[in-house]
Structures are given as structure tokens and as C-alpha cells.
file upload-v1.txt (compact mmCIF, C-alpha atoms and all ligand atoms)
# COMPACT_ATOMS: atom_id res chain seq x y z
CA MET A 1 78.77 88.65 -20.13
CA SER A 2 79.12 87.65 -16.47
CA GLU A 3 77.71 84.28 -15.42
CA ARG A 4 75.43 83.82 -12.47
CA TRP A 5 75.77 80.68 -10.33
CA PHE A 6 73.48 79.17 -7.68
CA ARG A 7 75.49 78.03 -4.68
CA GLU A 8 73.77 75.48 -2.44
CA THR A 9 73.96 76.33 1.24
CA LEU A 10 72.80 73.02 2.75
CA HIS A 11 76.15 71.78 4.07
CA GLU A 12 78.81 73.74 5.91
CA GLY A 13 82.03 74.15 3.93
CA ILE A 14 81.12 71.82 1.06
CA GLY A 15 78.52 71.73 -1.68
CA GLN A 16 77.57 72.21 -5.30
CA GLU A 17 77.15 75.12 -7.71
CA ILE A 18 74.84 75.23 -10.71
CA ARG A 19 74.99 77.87 -13.42
CA VAL A 20 71.80 79.92 -13.70
CA ASP A 21 71.15 80.17 -17.43
CA GLU A 22 67.62 81.54 -17.15
CA VAL A 23 65.51 82.71 -14.20
CA TYR A 24 61.83 81.71 -14.23
CA PHE A 25 60.77 82.63 -10.70
CA GLU A 26 62.44 83.97 -7.60
CA SER A 27 60.54 85.13 -4.52
CA ASP A 28 59.44 84.35 -1.00
CA THR A 29 56.23 82.33 -0.80
CA GLY A 30 55.57 83.50 2.77
CA GLN A 31 56.75 80.06 3.95
CA GLN A 32 60.02 79.60 2.03
CA ALA A 33 62.33 81.31 -0.48
CA LEU A 34 61.52 79.64 -3.79
CA SER A 35 63.47 79.86 -7.01
CA ILE A 36 63.05 78.12 -10.35
CA PHE A 37 65.82 78.54 -12.90
CA GLY A 38 67.13 76.84 -16.01
CA ASN A 39 70.49 75.13 -16.48
CA ARG A 40 71.70 73.74 -19.79
CA HIS A 41 72.56 70.33 -18.30
CA LEU A 42 69.83 69.88 -15.70
CA GLY A 43 66.83 71.55 -17.32
CA ARG A 44 64.67 73.47 -14.84
CA VAL A 45 65.79 73.43 -11.22
CA MET A 46 63.64 74.24 -8.16
CA THR A 47 65.28 75.39 -4.94
CA LEU A 48 63.72 76.17 -1.55
CA ASP A 49 65.65 78.18 1.04
CA GLY A 50 68.87 77.73 -0.97
CA VAL A 51 68.56 73.92 -1.27
CA VAL A 52 67.99 71.99 -4.51
CA GLN A 53 64.59 70.27 -4.37
CA THR A 54 64.28 68.80 -7.81
CA THR A 55 65.62 69.10 -11.34
CA GLU A 56 64.06 68.02 -14.61
CA ALA A 57 67.13 65.91 -15.46
CA ASP A 58 67.27 63.57 -12.46
CA GLU A 59 63.92 63.81 -10.66
CA PHE A 60 62.82 60.44 -12.08
CA ILE A 61 65.33 58.54 -9.92
CA TYR A 62 64.08 60.01 -6.66
CA HIS A 63 60.38 59.91 -7.46
CA GLU A 64 60.36 56.40 -8.91
CA MET A 65 62.32 54.94 -6.00
CA LEU A 66 60.18 56.53 -3.28
CA ALA A 67 56.89 55.71 -5.01
CA HIS A 68 57.22 52.25 -6.57
CA THR A 69 59.40 50.51 -3.99
CA PRO A 70 56.77 50.49 -1.19
CA ILE A 71 53.78 50.13 -3.53
CA LEU A 72 55.14 47.09 -5.39
CA ALA A 73 56.61 45.48 -2.26
CA HIS A 74 53.17 45.73 -0.61
CA GLY A 75 51.30 44.46 -3.65
CA ASN A 76 47.77 45.35 -2.57
CA VAL A 77 47.80 49.12 -2.10
CA GLU A 78 44.47 50.94 -2.24
CA SER A 79 45.39 54.23 -0.58
CA VAL A 80 48.55 56.35 -0.44
CA LEU A 81 49.35 59.46 1.60
CA ILE A 82 52.05 61.79 0.23
CA ILE A 83 53.38 64.42 2.63
CA GLY A 84 55.15 67.35 0.94
CA GLY A 85 56.01 66.73 -2.72
CA GLY A 86 54.60 70.06 -3.94
CA ASP A 87 56.40 69.77 -7.29
CA GLY A 88 54.00 66.94 -8.23
CA GLY A 89 56.59 64.35 -9.32
CA MET A 90 55.64 61.93 -6.55
CA LEU A 91 51.94 62.22 -7.32
CA ARG A 92 52.65 61.51 -11.00
CA GLU A 93 54.55 58.31 -10.13
CA VAL A 94 52.04 57.05 -7.53
CA LEU A 95 49.15 57.55 -9.97
CA LYS A 96 50.85 55.22 -12.46
CA HIS A 97 49.17 52.54 -10.31
CA PRO A 98 45.62 52.63 -11.64
CA ALA A 99 43.71 51.16 -8.71
CA LEU A 100 44.61 53.50 -5.90
CA ARG A 101 43.51 56.76 -4.31
CA VAL A 102 46.00 59.38 -3.15
CA THR A 103 45.85 62.11 -0.54
CA GLN A 104 48.65 64.66 -0.76
CA VAL A 105 49.30 67.06 2.12
CA GLU A 106 51.55 69.97 1.15
CA ILE A 107 52.19 72.92 3.46
CA ASP A 108 52.79 75.52 0.74
CA GLN A 109 50.19 76.10 -2.00
CA ALA A 110 52.69 78.33 -3.84
CA VAL A 111 55.04 75.38 -4.48
CA ILE A 112 52.21 73.50 -6.21
CA ASP A 113 51.11 76.54 -8.23
CA LEU A 114 54.60 77.48 -9.37
CA ALA A 115 55.60 73.90 -10.15
CA ARG A 116 52.46 73.51 -12.26
CA GLU A 117 53.45 76.62 -14.17
CA TYR A 118 57.21 76.19 -14.53
CA LEU A 119 57.78 72.42 -14.05
CA PRO A 120 54.71 71.03 -15.82
CA ASN A 121 56.37 67.70 -16.66
CA HIS A 122 56.71 66.90 -12.95
CA SER A 123 53.00 66.66 -12.21
CA ALA A 124 52.07 65.90 -15.84
CA GLY A 125 48.40 66.63 -15.12
CA SER A 126 48.24 64.56 -11.93
CA PHE A 127 46.94 67.44 -9.76
CA ASP A 128 43.75 67.25 -11.86
CA ASP A 129 43.38 63.47 -11.54
CA PRO A 130 40.08 62.60 -9.80
CA ARG A 131 41.89 59.92 -7.74
CA ALA A 132 43.96 62.65 -6.03
CA THR A 133 42.88 64.78 -3.07
CA ILE A 134 45.16 67.74 -2.33
CA VAL A 135 45.19 69.18 1.20
CA ILE A 136 47.11 72.36 2.04
CA ALA A 137 48.27 71.82 5.63
CA ASP A 138 51.24 70.89 7.77
CA GLY A 139 51.81 67.14 7.37
CA MET A 140 52.35 66.86 11.11
CA ASP A 141 48.91 68.34 11.87
CA PHE A 142 47.34 66.07 9.25
CA VAL A 143 48.71 62.81 10.70
CA ARG A 144 47.73 64.01 14.18
CA GLU A 145 44.13 64.76 13.23
CA THR A 146 43.07 62.38 10.45
CA ASP A 147 40.97 59.25 11.00
CA GLN A 148 41.98 57.87 7.60
CA ARG A 149 44.28 54.87 7.23
CA PHE A 150 46.71 54.39 4.33
CA ASP A 151 48.53 51.37 2.93
CA VAL A 152 51.58 53.48 2.03
CA ILE A 153 52.75 56.83 3.42
CA ILE A 154 55.48 58.69 1.52
CA SER A 155 57.22 61.62 3.19
CA ASP A 156 58.59 63.68 0.28
CA SER A 157 59.79 66.53 2.43
CA THR A 158 62.46 69.18 2.46
CA ASP A 159 65.51 68.55 4.63
CA PRO A 160 65.09 68.71 8.42
CA VAL A 161 65.42 72.50 8.62
CA GLY A 162 62.51 74.94 8.34
CA PRO A 163 58.99 73.56 7.78
CA GLY A 164 60.30 70.04 7.06
CA GLU A 165 61.92 69.63 10.48
CA VAL A 166 58.79 68.25 12.18
CA LEU A 167 58.65 65.42 9.63
CA PHE A 168 61.86 63.94 11.09
CA THR A 169 60.70 63.79 14.73
CA ASP A 170 59.77 60.86 16.95
CA ASP A 171 56.22 62.29 17.18
CA PHE A 172 55.85 62.28 13.40
CA TYR A 173 56.96 58.66 13.06
CA ALA A 174 54.56 57.60 15.85
CA LEU A 175 51.63 59.49 14.32
CA ALA A 176 52.39 58.28 10.79
CA LYS A 177 52.46 54.71 12.11
CA ARG A 178 49.00 55.26 13.61
CA CYS A 179 47.77 56.31 10.14
CA LEU A 180 48.98 53.11 8.47
CA ALA A 181 46.58 50.26 7.73
CA PRO A 182 47.79 46.85 9.01
CA GLY A 183 50.81 45.76 6.97
CA GLY A 184 51.33 49.29 5.66
CA VAL A 185 54.67 50.93 4.85
CA LEU A 186 56.11 54.35 5.71
CA VAL A 187 58.95 55.61 3.48
CA THR A 188 60.73 58.93 3.84
CA GLN A 189 63.46 60.87 2.08
CA ASN A 190 66.38 60.73 4.44
CA GLY A 191 69.30 62.72 3.07
CA VAL A 192 72.75 61.84 1.76
CA PRO A 193 74.67 59.98 4.48
CA PHE A 194 78.13 60.97 3.32
CA VAL A 195 77.30 64.56 4.30
CA GLN A 196 74.21 64.04 6.51
CA MET A 197 75.06 60.96 8.58
CA GLU A 198 73.21 62.38 11.57
CA GLU A 199 69.95 61.97 9.60
CA VAL A 200 70.49 58.21 9.35
CA ILE A 201 71.37 57.95 13.03
CA ASN A 202 68.50 60.15 14.24
CA THR A 203 65.94 58.47 11.98
CA ARG A 204 67.08 55.02 13.04
CA ARG A 205 66.75 55.98 16.72
CA ARG A 206 63.40 57.74 16.33
CA MET A 207 61.67 55.49 13.80
CA SER A 208 62.74 51.96 14.71
CA PRO A 209 60.81 51.79 18.05
CA HIS A 210 57.56 52.12 16.07
CA PHE A 211 58.09 49.35 13.50
CA VAL A 212 58.89 45.63 13.49
CA ASP A 213 61.06 46.18 10.42
CA MET A 214 62.90 49.49 10.03
CA THR A 215 65.80 49.97 7.62
CA PHE A 216 66.96 52.14 4.73
CA TYR A 217 67.30 51.70 1.01
CA CYS A 218 69.44 53.76 -1.38
CA ALA A 219 69.80 55.44 -4.73
CA ALA A 220 72.20 58.03 -6.10
CA VAL A 221 70.45 61.19 -7.29
CA PRO A 222 73.14 63.41 -8.87
CA THR A 223 71.81 66.77 -7.69
CA TYR A 224 71.40 65.64 -4.07
CA TYR A 225 75.05 66.37 -3.47
CA GLY A 226 77.37 63.84 -1.87
CA GLY A 227 76.70 60.37 -3.29
CA ILE A 228 73.99 57.84 -2.45
CA MET A 229 70.93 59.05 -0.61
CA THR A 230 68.92 57.01 1.86
CA PHE A 231 65.20 56.42 2.03
CA ALA A 232 63.86 55.24 5.38
CA TRP A 233 61.56 52.18 5.39
CA GLY A 234 59.24 51.18 8.24
CA THR A 235 56.61 48.44 8.36
CA ASP A 236 55.34 45.73 10.68
CA ASP A 237 55.43 43.16 7.88
CA LYS A 238 58.99 41.84 7.67
CA ALA A 239 58.23 39.86 4.53
CA LEU A 240 57.62 42.95 2.39
CA ARG A 241 61.23 43.83 1.86
CA ARG A 242 61.96 40.25 0.79
CA THR A 243 59.34 40.20 -1.98
CA SER A 244 60.89 38.12 -4.76
CA LEU A 245 62.21 39.42 -8.04
CA GLU A 246 59.57 37.41 -9.90
CA VAL A 247 56.69 38.84 -7.85
CA LEU A 248 57.97 42.43 -8.13
CA GLY A 249 58.42 42.03 -11.87
CA TRP A 250 54.97 40.50 -12.29
CA ARG A 251 53.32 43.30 -10.27
CA ALA A 252 55.08 45.99 -12.33
CA ARG A 253 54.04 44.34 -15.60
CA HIS A 254 50.49 43.83 -14.33
CA VAL A 255 49.99 47.62 -14.03
CA GLY A 256 51.99 48.31 -17.21
CA LEU A 257 54.51 50.34 -15.21
CA LYS A 258 56.83 52.44 -17.36
CA THR A 259 59.92 53.71 -15.55
CA ARG A 260 63.40 55.02 -16.36
CA TYR A 261 65.26 54.00 -13.18
CA TYR A 262 63.14 51.62 -11.11
CA ASN A 263 62.93 47.94 -11.95
CA ALA A 264 62.60 44.81 -9.84
CA ALA A 265 66.35 44.17 -9.66
CA VAL A 266 67.12 47.78 -8.70
CA HIS A 267 64.38 47.53 -6.06
CA GLN A 268 65.98 44.48 -4.45
CA GLY A 269 69.54 45.80 -4.77
CA ALA A 270 68.59 49.13 -3.17
CA PHE A 271 68.23 47.43 0.22
CA ALA A 272 71.90 46.32 0.14
CA LEU A 273 73.64 48.92 2.32
CA PRO A 274 77.35 49.77 2.28
CA GLN A 275 79.27 48.72 5.37
CA PHE A 276 79.68 52.24 6.81
CA LEU A 277 75.89 52.54 6.86
CA VAL A 278 75.36 49.07 8.34
CA GLU A 279 77.70 49.97 11.18
CA ALA A 280 76.13 53.39 11.75
CA ILE A 281 72.69 51.81 11.94
CA GLU A 282 73.86 49.09 14.33
CA ALA A 283 75.49 51.68 16.59
CA ALA A 284 72.51 54.09 16.58
N1 LIG B 301 62.59 65.85 -3.40
C1 LIG B 301 62.86 66.88 -2.48
C2 LIG B 301 64.03 66.66 -1.60
O1 LIG B 301 64.49 65.53 -1.44
O2 LIG B 301 64.53 67.63 -1.05
C3 LIG B 301 61.65 67.29 -1.78
C4 LIG B 301 60.85 68.08 -2.76
S1 LIG B 301 59.29 68.64 -2.34
C5 LIG B 301 59.36 70.19 -3.22
C6 LIG B 301 59.35 69.08 -0.62
C7 LIG B 301 58.06 69.72 -0.18
O3 LIG B 301 57.84 69.49 1.20
C8 LIG B 301 58.00 71.23 -0.37
O4 LIG B 301 57.04 71.53 -1.35
C9 LIG B 301 57.62 71.78 1.00
O5 LIG B 301 56.74 72.87 0.94
C10 LIG B 301 57.00 70.55 1.63
N2 LIG B 301 56.97 70.56 3.11
C11 LIG B 301 57.98 70.92 3.95
N3 LIG B 301 57.57 70.79 5.22
C12 LIG B 301 56.30 70.30 5.19
C13 LIG B 301 55.35 69.97 6.19
N4 LIG B 301 55.64 70.11 7.49
N5 LIG B 301 54.14 69.50 5.80
C14 LIG B 301 53.84 69.35 4.48
N6 LIG B 301 54.70 69.67 3.48
C15 LIG B 301 55.91 70.14 3.84

call {"tool": "encode", "arguments": {"input": "upload-v1.txt", "output": "C-alpha cells"}}
result
Amino acid sequence: MSERWFRETLHEGIGQEIRVDEVYFESDTGQQALSIFGNRHLGRVMTLDGVVQTTEADEFIYHEMLAHTPILAHGNVESVLIIGGGDGGMLREVLKHPALRVTQVEIDQAVIDLAREYLPNHSAGSFDDPRATIVIADGMDFVRETDQRFDVIISDSTDPVGPGEVLFTDDFYALAKRCLAPGGVLVTQNGVPFVQMEEVINTRRRMSPHFVDMTFYCAAVPTYYGGIMTFAWGTDDKALRRTSLEVLGWRARHVGLKTRYYNAAVHQGAFALPQFLVEAIEAA
């Protein structure tokens, strides 16, 4: 029997292949080409426009690091805005913090519907949580038009091609900053620098003029090909990224946070950047 393989097309001349053991869904949503398939090692895998978005096996690393790092560094979050994140994993993690409200702005209703059907453990019921408000719109339009202010904004977007491209622009960073409450934090998924170094350089150039403190933190997510990935971090409160181990640990325990990757020590260590990144950021 011949095997079928998914070949990722994100990077020119280099990339990953995943065996397709079972196909659950494959079609165009009208916005993007969406496929959900099974792989013996990774569980269910969602791709958009030929790029891996999330897999059941390693999604916890990405979602925990983008959700809990800003929320626990801030320490007094009442409202969170998620942009993108249609698979629901980010909403699930954010809602582990009992006292906050979440608005999620996703451009493609079909991603939410299909993820609910075929990746139910990602959202784990969170789309039905009364603390969540789901808006189907372009995240760029939302930050341009809303009067709401948020303590944390999480950009859980696709890569900067297709509908996600606007979420990596100078305009987006300026408008997102306007939507932050005083002392708020913007975090964004920012690619894998070993193969997407231009994302670090462009984000540094475009985002840093809007924040007193703008840097990156890291984690390795196996199915984001190429090694460690960066998350961009922007806030006007310089103290947030120096929140002590004791305080982070106490805040996590206070909300009874259960995680598989994130903990206070990983949080602090994630801000230590390898030298090639330090130099790229300084030169940007
Ligand atoms: N974890 C993933 C990654 O790192 O590639 C991102 C996953 S999540 C599925 C990305 C979501 O961003 C998709 O559901 C996509 O529809 C959404 N999206 C892309 N551009 C958007 C935009 N301009 N506004 C709102 N959502 C957007």
C-alpha cells in the first residue's frame, strides 16, 4: 500500500514531511486551504495553506508559553484579547485563569468549526465558556475599531503570508498598543529564527518604537520546523519581565494552574536569548 506524506511548503528548499495516516478533512474554507489529518506520532495535525498550525502532540508547549507567560508576569489580568487561534488551544489555556474575560477575534469561522469537530481536545469546551466572546473578523480591523482595552493581547496568528500578514505590520503593533490598558502586554507568535530570521528583524524594527520594553522569548515546538521559535513581547512596564521566580510560582499556585511545559523557571529562562539572536536584535 503506498504511503501518503504531507510536505510543508513554508520554507524554500528545506522543511519537514509528516506521514498522512488518516484524512479527516481537506478543503478550501473560502479564506484558506485547510486540512486535518492523523499521524501515528503526532496525533491529529491541522494545516492551513500547506503550513502546520498545530498538532495534538506538541500544541501544549506553544499554547502554554504564549498564554501564561504574559498573564502571570502581569499578575492582575482582568481582560485578554486573542487574535487568531481558531483551533481553540489558546482560549483553553487563557481560561485556566478563573478571574478573567476573553475576547477572541478569528478571521475564519470554518477553522473554529472544524477544530471543534476534529480537534476537540484543543478547545476542550472553552468556546462555550460564558467568559469568552468570539468575534469573526480580521484582527486588524478589530484593533482599529474597538474602544475596549485589554491587559494582555495575544496574537496567535498564521505566518506572515496570506491573511496573517497584516498582523506583522507596523500599523498592527501601533493599533494593538492603543488597545492595551496601562501596563498591559502584547505577545505574538514570531516564527523560527533559524529559518525565519527576517521575522525577528522586522518585528524588532516595527514593534520596538511602540513599547518601552520590547524583546523576545523562546521555546522549541517540534513541529514548527527549525529549532527554537520566538515570541515577541512588548509592554511599557519594564519590571514585568523581571517578575521573580517566587512571585511567578505563587501566582501559578494561587490559580491552581496545571501545565505540562510552562513553569516559573521555564518562564524566566525563556527570556535568555542565544547570542545570534541578541546580535540580530541589536543590529535591527
Ligand atoms: N499556532 C499557529 C502557528 O504558530 O502557526 C497558529 C494557529 S491558529 C490556527 C492561526 C489562526 O490565525 C488561523 O485560525 C487563522 O484563520 C487566523 N488568522 C490569520 N490571519 C488573521 C487575521 N488577520 N485576523 C484574525 N485571525 C487571523

call {"tool": "atom_distance", "arguments": {"input": "upload-v1.txt", "atom1": "atom CA of Thr243 of chain A", "atom2": "atom CA of Arg260 of chain A"}}
result
21.0 Å

call {"tool": "residues_near_ligand", "arguments": {"input": "upload-v1.txt", "ligand": "ligand LIG 301 (chain B)", "cutoff": "6 Å", "atoms": "only C-alpha atoms and all ligand atoms", "output": "list of chain:residue names"}}
result
A:Gln53, A:Thr54, A:Ile83, A:Gly84, A:Gly85, A:Gly86, A:Asp87, A:Val105, A:Glu106, A:Ile107, A:Asp108, A:Val111, A:Asp138, A:Gly139, A:Met140, A:Asp156, A:Ser157, A:Thr158, A:Asp159, A:Pro163, A:Gly164, A:Val166, A:Leu167, A:Gln189

call {"tool": "closest_residue", "arguments": {"input": "upload-v1.txt", "among": "A:Thr103, A:Phe194, A:Leu114, A:Arg204", "to": "Thr47 of chain A", "atoms": "all atoms listed in the file"}}
result
A:Leu114

call {"tool": "atom_distance", "arguments": {"input": "upload-v1.txt", "atom1": "atom CA of Glu22 of chain A", "atom2": "atom CA of Pro160 of chain A"}}
result
28.7 Å

call {"tool": "closest_atom_pairs", "arguments": {"input": "upload-v1.txt", "of": "segment 12-82 of chain A", "to": "segment 245-255 of chain A", "cutoff": "10 Å", "atoms": "only C-alpha atoms", "output": "CSV"}}
result
residue,atom,partner,partner_atom,distance
A:His68,CA,A:Ala252,CA,8.8
A:Thr69,CA,A:Leu248,CA,9.2
A:Ile71,CA,A:Arg251,CA,9.6
A:Leu72,CA,A:Leu248,CA,6.1
A:Ala73,CA,A:Leu248,CA,6.8
A:His74,CA,A:Leu248,CA,9.5
A:Gly75,CA,A:Arg251,CA,7.0
A:Asn76,CA,A:Arg251,CA,9.7

call {"tool": "write_last_selection", "arguments": {"input": "upload-v1.txt", "atoms": "C-alpha atoms", "output": "compact mmCIF listing (two decimals), keeping the file's coordinate frame"}}
result
# COMPACT_ATOMS: atom_id res chain seq x y z
CA HIS A 68 57.22 52.25 -6.57
CA THR A 69 59.40 50.51 -3.99
CA ILE A 71 53.78 50.13 -3.53
CA LEU A 72 55.14 47.09 -5.39
CA ALA A 73 56.61 45.48 -2.26
CA HIS A 74 53.17 45.73 -0.61
CA GLY A 75 51.30 44.46 -3.65
CA ASN A 76 47.77 45.35 -2.57

call {"tool": "closest_residue", "arguments": {"input": "upload-v1.txt", "among": "A:Arg149, A:Arg92, A:His41, A:His210", "to": "Phe172 of chain A", "atoms": "all atoms listed in the file"}}
result
A:His210

call {"tool": "closest_residue", "arguments": {"input": "upload-v1.txt", "among": "A:Leu95, A:Val51, A:Ala284, A:Leu100", "to": "Glu198 of chain A", "atoms": "all atoms listed in the file"}}
result
A:Ala284

call {"tool": "atom_distance", "arguments": {"input": "upload-v1.txt", "atom1": "atom CA of Arg4 of chain A", "atom2": "atom CA of Ile18 of chain A"}}
result
8.8 Å

call {"tool": "residues_around", "arguments": {"input": "upload-v1.txt", "residues": "Thr9 of chain A", "least_positions_apart": "3", "cutoff": "12 Å", "atoms": "all atoms listed in the file", "output": "list in words"}}
result
Phe6, Glu12, Gly13, Ile14, Gly15, Gln16, Glu17, Thr47, Leu48, Asp49, Gly50, Val51, Val52, Asp159, Val161 and Tyr225 of chain A

call {"tool": "closest_residue", "arguments": {"input": "upload-v1.txt", "among": "A:Ala219, A:Ile82, A:Ala115, A:Leu277", "to": "Ser155 of chain A", "atoms": "all atoms listed in the file"}}
result
A:Ile82

call {"tool": "axis_aligned_box", "arguments": {"input": "upload-v1.txt", "around": "segment 245-264 of chain A", "padding_each_side": "3 Å", "output": "lines of an AutoDock Vina configuration file"}}
result
center_x = 57.6
center_y = 46.2
center_z = -12.6
size_x = 21.3
size_y = 23.6
size_z = 15.5

call {"tool": "closest_residue", "arguments": {"input": "upload-v1.txt", "among": "A:Glu56, A:Asp141, A:Asp28, A:Asp237", "to": "Arg40 of chain A", "atoms": "all atoms listed in the file"}}
result
A:Glu56

call {"tool": "residues_around", "arguments": {"input": "upload-v1.txt", "residues": "segment 214-216 of chain A", "least_positions_apart": "5", "cutoff": "10 Å", "atoms": "all atoms listed in the file", "output": "list in words"}}
result
Val185, Leu186, Val187, Thr188, Gln189, Asn190, Val200, Thr203, Arg204, Met207, Ser208, Pro209, Met229, Thr230, Phe231, Ala232, Trp233, Gly234, Thr235, Asp236, Lys238, Arg241, Ala270, Phe271, Ala272, Leu273, Leu277, Val278 and Ile281 of chain A

call {"tool": "closest_residue", "arguments": {"input": "upload-v1.txt", "among": "A:Asp113, A:Gly162, A:Val80, A:Ile61", "to": "Ile136 of chain A", "atoms": "all atoms listed in the file"}}
result
A:Asp113

call {"tool": "residues_around", "arguments": {"input": "upload-v1.txt", "residues": "Gly227 of chain A", "least_positions_apart": "6", "cutoff": "8 Å", "atoms": "all atoms listed in the file", "output": "PyMOL selection string"}}
result
chain A and resi 192+194+220-221

call {"tool": "residues_around", "arguments": {"input": "upload-v1.txt", "residues": "Asp151 of chain A", "least_positions_apart": "3", "cutoff": "7 Å", "atoms": "only C-alpha atoms", "output": "short mmCIF file (atom, residue, chain, number, x, y, z; two decimals) with C-alpha atoms, keeping the file's coordinate frame"}}
result
data_model
loop_
_atom_site.label_atom_id
_atom_site.label_comp_id
_atom_site.auth_asym_id
_atom_site.auth_seq_id
_atom_site.Cartn_x
_atom_site.Cartn_y
_atom_site.Cartn_z
CA VAL A 77 47.80 49.12 -2.10
CA GLU A 78 44.47 50.94 -2.24
CA SER A 79 45.39 54.23 -0.58
CA VAL A 80 48.55 56.35 -0.44
CA LEU A 180 48.98 53.11 8.47
CA ALA A 181 46.58 50.26 7.73
CA GLY A 184 51.33 49.29 5.66
CA VAL A 185 54.67 50.93 4.85
#

call {"tool": "decode", "arguments": {"input": "upload-v1.txt", "residues": "segment 109-156 of chain A", "atoms": "C-alpha atoms", "output": "mmCIF file, in the first residue's frame"}}
result
data_model
loop_
_atom_site.group_PDB
_atom_site.id
_atom_site.type_symbol
_atom_site.label_atom_id
_atom_site.label_comp_id
_atom_site.auth_asym_id
_atom_site.auth_seq_id
_atom_site.Cartn_x
_atom_site.Cartn_y
_atom_site.Cartn_z
ATOM 1 C CA GLN A 109 -15.288 30.696 11.257
ATOM 2 C CA ALA A 110 -14.519 27.418 9.456
ATOM 3 C CA VAL A 111 -11.274 26.953 11.432
ATOM 4 C CA ILE A 112 -13.231 27.158 14.695
ATOM 5 C CA ASP A 113 -15.983 24.825 13.472
ATOM 6 C CA LEU A 114 -13.617 22.201 12.089
ATOM 7 C CA ALA A 115 -11.287 22.339 15.088
ATOM 8 C CA ARG A 116 -14.269 21.841 17.395
ATOM 9 C CA GLU A 117 -15.219 18.788 15.389
ATOM 10 C CA TYR A 118 -11.840 17.187 14.687
ATOM 11 C CA LEU A 119 -9.531 18.632 17.394
ATOM 12 C CA PRO A 120 -11.927 18.741 20.356
ATOM 13 C CA ASN A 121 -9.145 18.485 22.956
ATOM 14 C CA HIS A 122 -7.714 21.825 21.801
ATOM 15 C CA SER A 123 -10.668 23.963 22.854
ATOM 16 C CA ALA A 124 -11.879 21.433 25.465
ATOM 17 C CA GLY A 125 -15.241 23.203 25.712
ATOM 18 C CA SER A 126 -13.778 26.704 26.003
ATOM 19 C CA PHE A 127 -15.763 28.123 23.046
ATOM 20 C CA ASP A 128 -18.875 27.582 25.199
ATOM 21 C CA ASP A 129 -17.411 29.263 28.298
ATOM 22 C CA PRO A 130 -19.513 32.306 29.285
ATOM 23 C CA ARG A 131 -16.302 34.289 29.957
ATOM 24 C CA ALA A 132 -15.394 34.070 26.249
ATOM 25 C CA THR A 133 -16.690 36.317 23.470
ATOM 26 C CA ILE A 134 -15.906 35.109 19.941
ATOM 27 C CA VAL A 135 -15.812 37.663 17.122
ATOM 28 C CA ILE A 136 -15.423 36.601 13.485
ATOM 29 C CA ALA A 137 -13.422 39.435 11.901
ATOM 30 C CA ASP A 138 -9.989 40.459 10.718
ATOM 31 C CA GLY A 139 -7.872 41.141 13.812
ATOM 32 C CA MET A 140 -6.502 44.266 12.150
ATOM 33 C CA ASP A 141 -9.999 45.734 11.692
ATOM 34 C CA PHE A 142 -10.869 44.831 15.277
ATOM 35 C CA VAL A 143 -7.899 46.642 16.855
ATOM 36 C CA ARG A 144 -8.564 49.620 14.582
ATOM 37 C CA GLU A 145 -12.224 49.919 15.563
ATOM 38 C CA THR A 146 -12.632 48.713 19.159
ATOM 39 C CA ASP A 147 -12.911 51.030 22.166
ATOM 40 C CA GLN A 148 -12.112 48.165 24.551
ATOM 41 C CA ARG A 149 -8.836 47.970 26.452
ATOM 42 C CA PHE A 150 -7.114 44.703 27.398
ATOM 43 C CA ASP A 151 -4.451 43.802 29.949
ATOM 44 C CA VAL A 152 -2.956 41.161 27.634
ATOM 45 C CA ILE A 153 -3.181 40.812 23.852
ATOM 46 C CA ILE A 154 -2.055 37.508 22.307
ATOM 47 C CA SER A 155 -1.537 37.315 18.552
ATOM 48 C CA ASP A 156 -1.893 33.598 17.748
#
